[in-house]
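J.: Take a look at work.txt, compact mmCIF, N, CA, C and O atoms:
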```
# COMPACT_ATOMS: atom_id res chain seq x y z
N SER H 1 0.83 -1.19 0.00
CA SER H 1 0.00 0.00 0.00
C SER H 1 0.87 1.24 0.00
O SER H 1 1.89 1.29 0.67
N VAL H 2 0.42 2.23 -0.75
CA VAL H 2 1.12 3.51 -0.83
C VAL H 2 0.09 4.59 -0.51
O VAL H 2 -0.98 4.62 -1.10
N PHE H 3 0.41 5.47 0.43
CA PHE H 3 -0.55 6.50 0.82
C PHE H 3 -0.09 7.90 0.46
O PHE H 3 -0.66 8.87 0.88
N GLY H 4 0.94 8.01 -0.31
CA GLY H 4 1.43 9.29 -0.80
C GLY H 4 2.75 9.01 -1.50
O GLY H 4 3.50 8.15 -1.10
N GLY H 5 3.00 9.71 -2.57
CA GLY H 5 4.22 9.45 -3.32
C GLY H 5 3.97 8.45 -4.42
O GLY H 5 2.85 8.05 -4.69
N ASN H 6 5.06 8.03 -5.03
CA ASN H 6 4.97 7.15 -6.18
C ASN H 6 5.48 5.76 -5.84
O ASN H 6 6.32 5.60 -4.97
N ALA H 7 4.95 4.75 -6.55
CA ALA H 7 5.40 3.37 -6.36
C ALA H 7 5.83 2.82 -7.71
O ALA H 7 5.13 2.98 -8.71
N GLU H 8 7.00 2.19 -7.73
CA GLU H 8 7.50 1.52 -8.93
C GLU H 8 7.77 0.08 -8.58
O GLU H 8 8.45 -0.20 -7.60
N VAL H 9 7.23 -0.84 -9.40
CA VAL H 9 7.38 -2.27 -9.17
C VAL H 9 7.90 -2.91 -10.44
O VAL H 9 7.34 -2.70 -11.52
N LYS H 10 8.97 -3.70 -10.31
CA LYS H 10 9.51 -4.46 -11.44
C LYS H 10 9.32 -5.94 -11.10
O LYS H 10 9.87 -6.44 -10.12
N LEU H 11 8.53 -6.62 -11.92
CA LEU H 11 8.24 -8.04 -11.68
C LEU H 11 9.37 -8.91 -12.22
O LEU H 11 9.99 -8.58 -13.23
N PRO H 12 9.61 -10.07 -11.57
CA PRO H 12 10.63 -11.00 -12.06
C PRO H 12 10.16 -11.72 -13.32
O PRO H 12 8.97 -11.73 -13.64
N ASN H 13 11.10 -12.35 -14.01
CA ASN H 13 10.79 -13.05 -15.27
C ASN H 13 10.04 -14.35 -15.06
O ASN H 13 9.33 -14.80 -15.96
N ALA H 14 10.22 -14.99 -13.94
CA ALA H 14 9.66 -16.32 -13.75
C ALA H 14 8.97 -16.45 -12.39
O ALA H 14 9.30 -15.75 -11.44
N GLY H 15 8.00 -17.35 -12.36
CA GLY H 15 7.29 -17.63 -11.13
C GLY H 15 5.79 -17.42 -11.30
O GLY H 15 5.32 -17.04 -12.36
N VAL H 16 5.06 -17.71 -10.23
CA VAL H 16 3.62 -17.51 -10.19
C VAL H 16 3.37 -16.47 -9.10
O VAL H 16 3.77 -16.66 -7.95
N MET H 17 2.74 -15.35 -9.47
CA MET H 17 2.60 -14.23 -8.54
C MET H 17 1.17 -13.71 -8.50
O MET H 17 0.46 -13.75 -9.49
N ASP H 18 0.82 -13.18 -7.34
CA ASP H 18 -0.42 -12.45 -7.14
C ASP H 18 0.00 -11.12 -6.53
O ASP H 18 0.45 -11.07 -5.39
N VAL H 19 -0.12 -10.05 -7.31
CA VAL H 19 0.39 -8.74 -6.92
C VAL H 19 -0.77 -7.78 -6.71
O VAL H 19 -1.62 -7.62 -7.59
N THR H 20 -0.81 -7.13 -5.55
CA THR H 20 -1.83 -6.13 -5.26
C THR H 20 -1.15 -4.84 -4.85
O THR H 20 -0.31 -4.84 -3.94
N VAL H 21 -1.49 -3.74 -5.53
CA VAL H 21 -0.97 -2.42 -5.19
C VAL H 21 -2.17 -1.51 -4.95
O VAL H 21 -3.02 -1.36 -5.82
N ASP H 22 -2.22 -0.92 -3.77
CA ASP H 22 -3.31 -0.02 -3.40
C ASP H 22 -2.69 1.32 -3.02
O ASP H 22 -1.90 1.39 -2.08
N SER H 23 -3.03 2.36 -3.76
CA SER H 23 -2.45 3.68 -3.54
C SER H 23 -3.53 4.70 -3.26
O SER H 23 -4.46 4.87 -4.04
N GLY H 24 -3.41 5.39 -2.14
CA GLY H 24 -4.34 6.46 -1.81
C GLY H 24 -4.09 7.71 -2.62
O GLY H 24 -4.99 8.46 -2.95
N GLY H 25 -2.85 7.94 -2.99
CA GLY H 25 -2.48 9.10 -3.80
C GLY H 25 -1.09 8.89 -4.34
O GLY H 25 -0.22 8.37 -3.65
N GLY H 26 -0.87 9.27 -5.55
CA GLY H 26 0.43 9.09 -6.19
C GLY H 26 0.31 8.20 -7.41
O GLY H 26 -0.74 7.65 -7.70
N ASN H 27 1.41 8.08 -8.10
CA ASN H 27 1.43 7.31 -9.34
C ASN H 27 1.99 5.92 -9.08
O ASN H 27 2.87 5.73 -8.24
N VAL H 28 1.49 4.94 -9.84
CA VAL H 28 1.93 3.56 -9.73
C VAL H 28 2.44 3.12 -11.10
O VAL H 28 1.74 3.26 -12.10
N SER H 29 3.67 2.60 -11.13
CA SER H 29 4.26 2.11 -12.37
C SER H 29 4.68 0.66 -12.17
O SER H 29 5.37 0.33 -11.21
N ILE H 30 4.22 -0.21 -13.08
CA ILE H 30 4.54 -1.64 -13.02
C ILE H 30 5.28 -2.02 -14.30
O ILE H 30 4.79 -1.76 -15.40
N GLU H 31 6.45 -2.64 -14.15
CA GLU H 31 7.20 -3.13 -15.30
C GLU H 31 7.04 -4.64 -15.37
O GLU H 31 7.40 -5.36 -14.43
N VAL H 32 6.49 -5.12 -16.50
CA VAL H 32 6.22 -6.54 -16.70
C VAL H 32 7.17 -7.08 -17.76
O VAL H 32 7.18 -6.58 -18.89
N PRO H 33 7.98 -8.10 -17.44
CA PRO H 33 8.86 -8.69 -18.44
C PRO H 33 8.06 -9.28 -19.61
O PRO H 33 6.93 -9.73 -19.41
N ASP H 34 8.65 -9.30 -20.78
CA ASP H 34 7.96 -9.80 -21.97
C ASP H 34 7.53 -11.26 -21.86
O ASP H 34 6.52 -11.65 -22.42
N ASP H 35 8.30 -12.07 -21.13
CA ASP H 35 7.98 -13.50 -21.07
C ASP H 35 7.11 -13.89 -19.87
O ASP H 35 6.94 -15.07 -19.59
N LEU H 36 6.55 -12.91 -19.19
CA LEU H 36 5.64 -13.18 -18.07
C LEU H 36 4.20 -12.96 -18.54
O LEU H 36 3.86 -11.90 -19.05
N ALA H 37 3.36 -13.99 -18.42
CA ALA H 37 1.95 -13.88 -18.80
C ALA H 37 1.20 -13.22 -17.65
O ALA H 37 1.37 -13.60 -16.50
N VAL H 38 0.39 -12.21 -17.98
CA VAL H 38 -0.30 -11.47 -16.91
C VAL H 38 -1.76 -11.19 -17.22
O VAL H 38 -2.16 -11.08 -18.37
N GLN H 39 -2.50 -11.07 -16.12
CA GLN H 39 -3.88 -10.57 -16.14
C GLN H 39 -3.85 -9.35 -15.22
O GLN H 39 -3.40 -9.45 -14.08
N ILE H 40 -4.33 -8.20 -15.72
CA ILE H 40 -4.23 -6.95 -14.99
C ILE H 40 -5.61 -6.36 -14.75
O ILE H 40 -6.39 -6.23 -15.69
N GLN H 41 -5.87 -6.01 -13.50
CA GLN H 41 -7.08 -5.26 -13.15
C GLN H 41 -6.59 -3.92 -12.61
O GLN H 41 -5.87 -3.89 -11.61
N ALA H 42 -6.95 -2.83 -13.29
CA ALA H 42 -6.46 -1.52 -12.89
C ALA H 42 -7.62 -0.53 -12.77
O ALA H 42 -8.47 -0.46 -13.65
N ASP H 43 -7.62 0.22 -11.68
CA ASP H 43 -8.67 1.19 -11.43
C ASP H 43 -8.06 2.47 -10.86
O ASP H 43 -7.41 2.42 -9.82
N ALA H 44 -8.27 3.58 -11.56
CA ALA H 44 -7.81 4.89 -11.09
C ALA H 44 -9.05 5.78 -10.99
O ALA H 44 -9.61 6.19 -11.99
N SER H 45 -9.49 6.05 -9.75
CA SER H 45 -10.69 6.85 -9.55
C SER H 45 -10.56 8.25 -10.13
O SER H 45 -11.44 8.73 -10.83
N PHE H 46 -9.46 8.93 -9.81
CA PHE H 46 -9.21 10.29 -10.30
C PHE H 46 -7.83 10.31 -10.94
O PHE H 46 -6.89 10.91 -10.42
N GLY H 47 -7.69 9.62 -12.05
CA GLY H 47 -6.41 9.54 -12.74
C GLY H 47 -6.58 8.75 -14.02
O GLY H 47 -7.69 8.41 -14.43
N ASN H 48 -5.45 8.44 -14.62
CA ASN H 48 -5.44 7.73 -15.90
C ASN H 48 -4.81 6.35 -15.74
O ASN H 48 -3.94 6.16 -14.89
N VAL H 49 -5.24 5.44 -16.60
CA VAL H 49 -4.62 4.11 -16.68
C VAL H 49 -3.98 4.02 -18.06
O VAL H 49 -4.66 4.13 -19.07
N GLU H 50 -2.66 3.84 -18.08
CA GLU H 50 -1.91 3.72 -19.34
C GLU H 50 -1.29 2.33 -19.38
O GLU H 50 -0.51 1.96 -18.51
N VAL H 51 -1.70 1.55 -20.39
CA VAL H 51 -1.25 0.16 -20.49
C VAL H 51 -0.58 -0.05 -21.84
O VAL H 51 -1.11 0.36 -22.88
N ASP H 52 0.58 -0.70 -21.81
CA ASP H 52 1.33 -0.99 -23.03
C ASP H 52 0.44 -1.76 -24.02
O ASP H 52 -0.40 -2.57 -23.62
N GLU H 53 0.66 -1.54 -25.29
CA GLU H 53 -0.19 -2.14 -26.34
C GLU H 53 -0.09 -3.66 -26.42
O GLU H 53 -0.93 -4.30 -27.02
N ARG H 54 0.90 -4.27 -25.79
CA ARG H 54 0.99 -5.74 -25.84
C ARG H 54 -0.05 -6.42 -24.96
O ARG H 54 -0.25 -7.62 -25.03
N PHE H 55 -0.75 -5.64 -24.13
CA PHE H 55 -1.81 -6.17 -23.29
C PHE H 55 -3.15 -5.82 -23.92
O PHE H 55 -3.44 -4.65 -24.18
N GLN H 56 -3.98 -6.81 -24.15
CA GLN H 56 -5.27 -6.60 -24.79
C GLN H 56 -6.36 -6.39 -23.75
O GLN H 56 -6.44 -7.14 -22.78
N GLN H 57 -7.20 -5.38 -23.98
CA GLN H 57 -8.28 -5.11 -23.03
C GLN H 57 -9.43 -6.08 -23.27
O GLN H 57 -9.88 -6.28 -24.40
N GLN H 58 -9.90 -6.70 -22.19
CA GLN H 58 -11.06 -7.58 -22.21
C GLN H 58 -11.93 -7.19 -21.03
O GLN H 58 -11.56 -7.43 -19.88
N ASN H 59 -13.06 -6.55 -21.32
CA ASN H 59 -13.94 -6.00 -20.29
C ASN H 59 -13.15 -5.02 -19.44
O ASN H 59 -12.59 -4.08 -19.95
N ASN H 60 -13.05 -5.23 -18.14
CA ASN H 60 -12.34 -4.29 -17.28
C ASN H 60 -10.93 -4.79 -16.93
O ASN H 60 -10.34 -4.35 -15.95
N MET H 61 -10.39 -5.72 -17.73
CA MET H 61 -9.06 -6.27 -17.49
C MET H 61 -8.19 -6.13 -18.73
O MET H 61 -8.69 -5.92 -19.83
N TYR H 62 -6.88 -6.26 -18.52
CA TYR H 62 -5.92 -6.31 -19.60
C TYR H 62 -5.19 -7.64 -19.47
O TYR H 62 -4.80 -8.05 -18.36
N ILE H 63 -5.02 -8.33 -20.61
CA ILE H 63 -4.44 -9.68 -20.58
C ILE H 63 -3.35 -9.78 -21.63
O ILE H 63 -3.52 -9.32 -22.77
N SER H 64 -2.23 -10.40 -21.24
CA SER H 64 -1.15 -10.60 -22.20
C SER H 64 -1.39 -11.88 -22.99
O SER H 64 -2.12 -12.77 -22.56
N GLU H 65 -0.77 -11.95 -24.15
CA GLU H 65 -0.87 -13.16 -24.96
C GLU H 65 -0.26 -14.32 -24.18
O GLU H 65 0.76 -14.18 -23.53
N GLY H 66 -0.93 -15.44 -24.20
CA GLY H 66 -0.42 -16.62 -23.52
C GLY H 66 -0.84 -16.75 -22.07
O GLY H 66 -0.47 -17.71 -21.40
N TYR H 67 -1.65 -15.80 -21.58
CA TYR H 67 -2.08 -15.92 -20.18
C TYR H 67 -3.12 -17.02 -20.03
O TYR H 67 -4.07 -17.10 -20.79
N SER H 68 -2.92 -17.86 -19.04
CA SER H 68 -3.91 -18.85 -18.62
C SER H 68 -3.59 -19.21 -17.17
O SER H 68 -2.50 -18.93 -16.68
N ASP H 69 -4.55 -19.82 -16.51
CA ASP H 69 -4.34 -20.23 -15.12
C ASP H 69 -3.27 -21.30 -14.98
O ASP H 69 -2.82 -21.58 -13.87
N SER H 70 -2.85 -21.90 -16.10
CA SER H 70 -1.84 -22.95 -16.03
C SER H 70 -0.50 -22.53 -16.63
O SER H 70 0.42 -23.35 -16.70
N ALA H 71 -0.37 -21.28 -17.06
CA ALA H 71 0.92 -20.81 -17.60
C ALA H 71 1.98 -20.94 -16.51
O ALA H 71 1.74 -20.57 -15.35
N PRO H 72 3.17 -21.47 -16.83
CA PRO H 72 4.19 -21.69 -15.79
C PRO H 72 4.72 -20.39 -15.17
O PRO H 72 5.10 -20.38 -14.01
N ASN H 73 4.76 -19.33 -15.95
CA ASN H 73 5.23 -18.02 -15.46
C ASN H 73 4.11 -17.02 -15.68
O ASN H 73 3.86 -16.59 -16.80
N ARG H 74 3.42 -16.69 -14.59
CA ARG H 74 2.23 -15.84 -14.73
C ARG H 74 2.03 -14.98 -13.48
O ARG H 74 2.54 -15.30 -12.41
N ALA H 75 1.26 -13.91 -13.67
CA ALA H 75 0.94 -13.04 -12.55
C ALA H 75 -0.46 -12.48 -12.72
O ALA H 75 -0.90 -12.21 -13.84
N ILE H 76 -1.15 -12.34 -11.61
CA ILE H 76 -2.39 -11.58 -11.56
C ILE H 76 -2.03 -10.29 -10.84
O ILE H 76 -1.47 -10.32 -9.73
N ILE H 77 -2.31 -9.17 -11.48
CA ILE H 77 -1.95 -7.87 -10.93
C ILE H 77 -3.21 -7.07 -10.69
O ILE H 77 -4.02 -6.89 -11.61
N ARG H 78 -3.39 -6.61 -9.46
CA ARG H 78 -4.53 -5.77 -9.10
C ARG H 78 -3.97 -4.43 -8.63
O ARG H 78 -3.22 -4.39 -7.65
N ILE H 79 -4.37 -3.36 -9.31
CA ILE H 79 -3.86 -2.03 -8.96
C ILE H 79 -5.04 -1.10 -8.78
O ILE H 79 -5.94 -1.05 -9.62
N SER H 80 -5.01 -0.33 -7.71
CA SER H 80 -6.06 0.63 -7.45
C SER H 80 -5.42 1.90 -6.90
O SER H 80 -4.56 1.85 -6.03
N THR H 81 -5.85 3.04 -7.43
CA THR H 81 -5.40 4.32 -6.90
C THR H 81 -6.58 5.27 -6.84
O THR H 81 -7.44 5.26 -7.72
N THR H 82 -6.65 6.05 -5.78
CA THR H 82 -7.72 7.03 -5.64
C THR H 82 -7.40 8.28 -6.44
O THR H 82 -8.21 8.74 -7.24
N ALA H 83 -6.21 8.82 -6.25
CA ALA H 83 -5.80 10.04 -6.95
C ALA H 83 -4.39 9.84 -7.47
O ALA H 83 -3.43 9.96 -6.73
N GLY H 84 -4.28 9.49 -8.72
CA GLY H 84 -2.99 9.24 -9.32
C GLY H 84 -3.15 8.47 -10.60
O GLY H 84 -4.25 8.13 -11.00
N ASN H 85 -2.04 8.22 -11.24
CA ASN H 85 -2.04 7.53 -12.52
C ASN H 85 -1.43 6.15 -12.38
O ASN H 85 -0.57 5.93 -11.52
N ILE H 86 -1.86 5.24 -13.25
CA ILE H 86 -1.33 3.89 -13.30
C ILE H 86 -0.68 3.71 -14.67
O ILE H 86 -1.31 4.00 -15.69
N ARG H 87 0.56 3.22 -14.65
CA ARG H 87 1.26 2.95 -15.91
C ARG H 87 1.79 1.53 -15.86
O ARG H 87 2.49 1.16 -14.91
N ILE H 88 1.45 0.74 -16.88
CA ILE H 88 1.92 -0.63 -16.97
C ILE H 88 2.66 -0.78 -18.28
O ILE H 88 2.13 -0.52 -19.35
N ARG H 89 3.91 -1.20 -18.15
CA ARG H 89 4.74 -1.34 -19.35
C ARG H 89 5.50 -2.65 -19.31
O ARG H 89 5.65 -3.27 -18.31
```
Turn the structure described in the file into structure tokens.

T.:
Amino acid sequence: SVFGGNAEVKLPNAGVMDVTVDSGGGNVSIEVPDDLAVQIQADASFGNVEVDERFQQQNNMYISEGYSDSAPNRAIIRISTTAGNIRIR
């Protein structure tokens, strides 16, 4: 959780992860390696969500090619900010 300021997260290339970032104010930046399959849920109440074009939007989520519940290297990312921007690259 971040309650002021900015948060930067760089995910590892391998493993199975469940990542939750909750920010009351400030910007959140997540760096996702190319070979990590991800499902992203991002919500910015008073801000913008900027997601790299390699993630396809499906309803209120963004999903990378090759994501499935059985992918050997995968992450579920949940990001929420009240006042700030979310950037996923």

J.: Kindly provide, as a VMD selection string, the polymer residues lying within 8 Å of (-0.2, -18.4, -16.6), counting only N, CA, C and O atoms and using the coordinates exactly as they appear in the file.

T.: chain H and resid 15 to 16 36 to 39 66 to 76

J.: Given the choices H:Leu11, H:Ile79, H:Ile30, H:Ile40, which gets closest to Phe55 (chain H) if the distance is worked out from only C-alpha atoms?

T.: H:Ile40

J.: Compare H:Gln41, H:Asn6, H:Asn48, H:Asn13 by their minimum atom-to-atom distance to Gly25 (chain H), counting only C-alpha atoms, and give me the closest one.

T.: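 Using only C-alpha atoms, Gly25 (chain H) sits closest to H:Asn6.
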
J.: Nearest to Ile86 (chain H) among H:Val28, H:Val19, H:Ile63, H:Ala42, with distances taken over all atoms listed in the file: which residue is it?

T.: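 The shortest atom-to-atom distance to Ile86 (chain H) comes from H:Val28.
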
J.: Can you list, as a VMD selection string, all residues belonging to region 22-58 of chain H that DSSP tags as strand (DSSP E)?

T.: chain H and resid 22 to 25 28 to 31 37 to 46 49 to 51 55 to 58

J.: Mind pulling up the distance from atom O of Ser29 (chain H) to atom N of Asn85 (chain H)?

T.: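 The value is 10.8 Å.
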
J.: Hey, can you check how far CA of Thr20 (chain H) sits from atom N of Ser80 (chain H)?

T.: 7.1 Å

J.: From the options H:Asn27, H:Gln57, H:Ser64, H:Thr82, which residue's atoms come nearest to Ser45 (chain H), counting only C-alpha atoms?

T.: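 When distances to Ser45 (chain H) are compared using only C-alpha atoms, the smallest one comes from H:Thr82.
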
J.: Do you have the atom C of Asp35 (chain H)-CA of Gly84 (chain H) distance handy?

T.: 27.4 Å

J.: I'd like to know which of H:Ile88, H:Val49, H:Ile77, H:Ala83 is closest to Ser23 (chain H), using all atoms listed in the file.

T.: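 With all atoms listed in the file as the atom set, the closest residue is H:Ala83.
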
J.: Would you mind telling me which residue in H:Arg89, H:Pro33, H:Arg78, H:Ala44 lies nearest to Asp18 (chain H) when using all atoms listed in the file?

T.: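 For Asp18 (chain H), the nearest of the given residues is H:Arg78.
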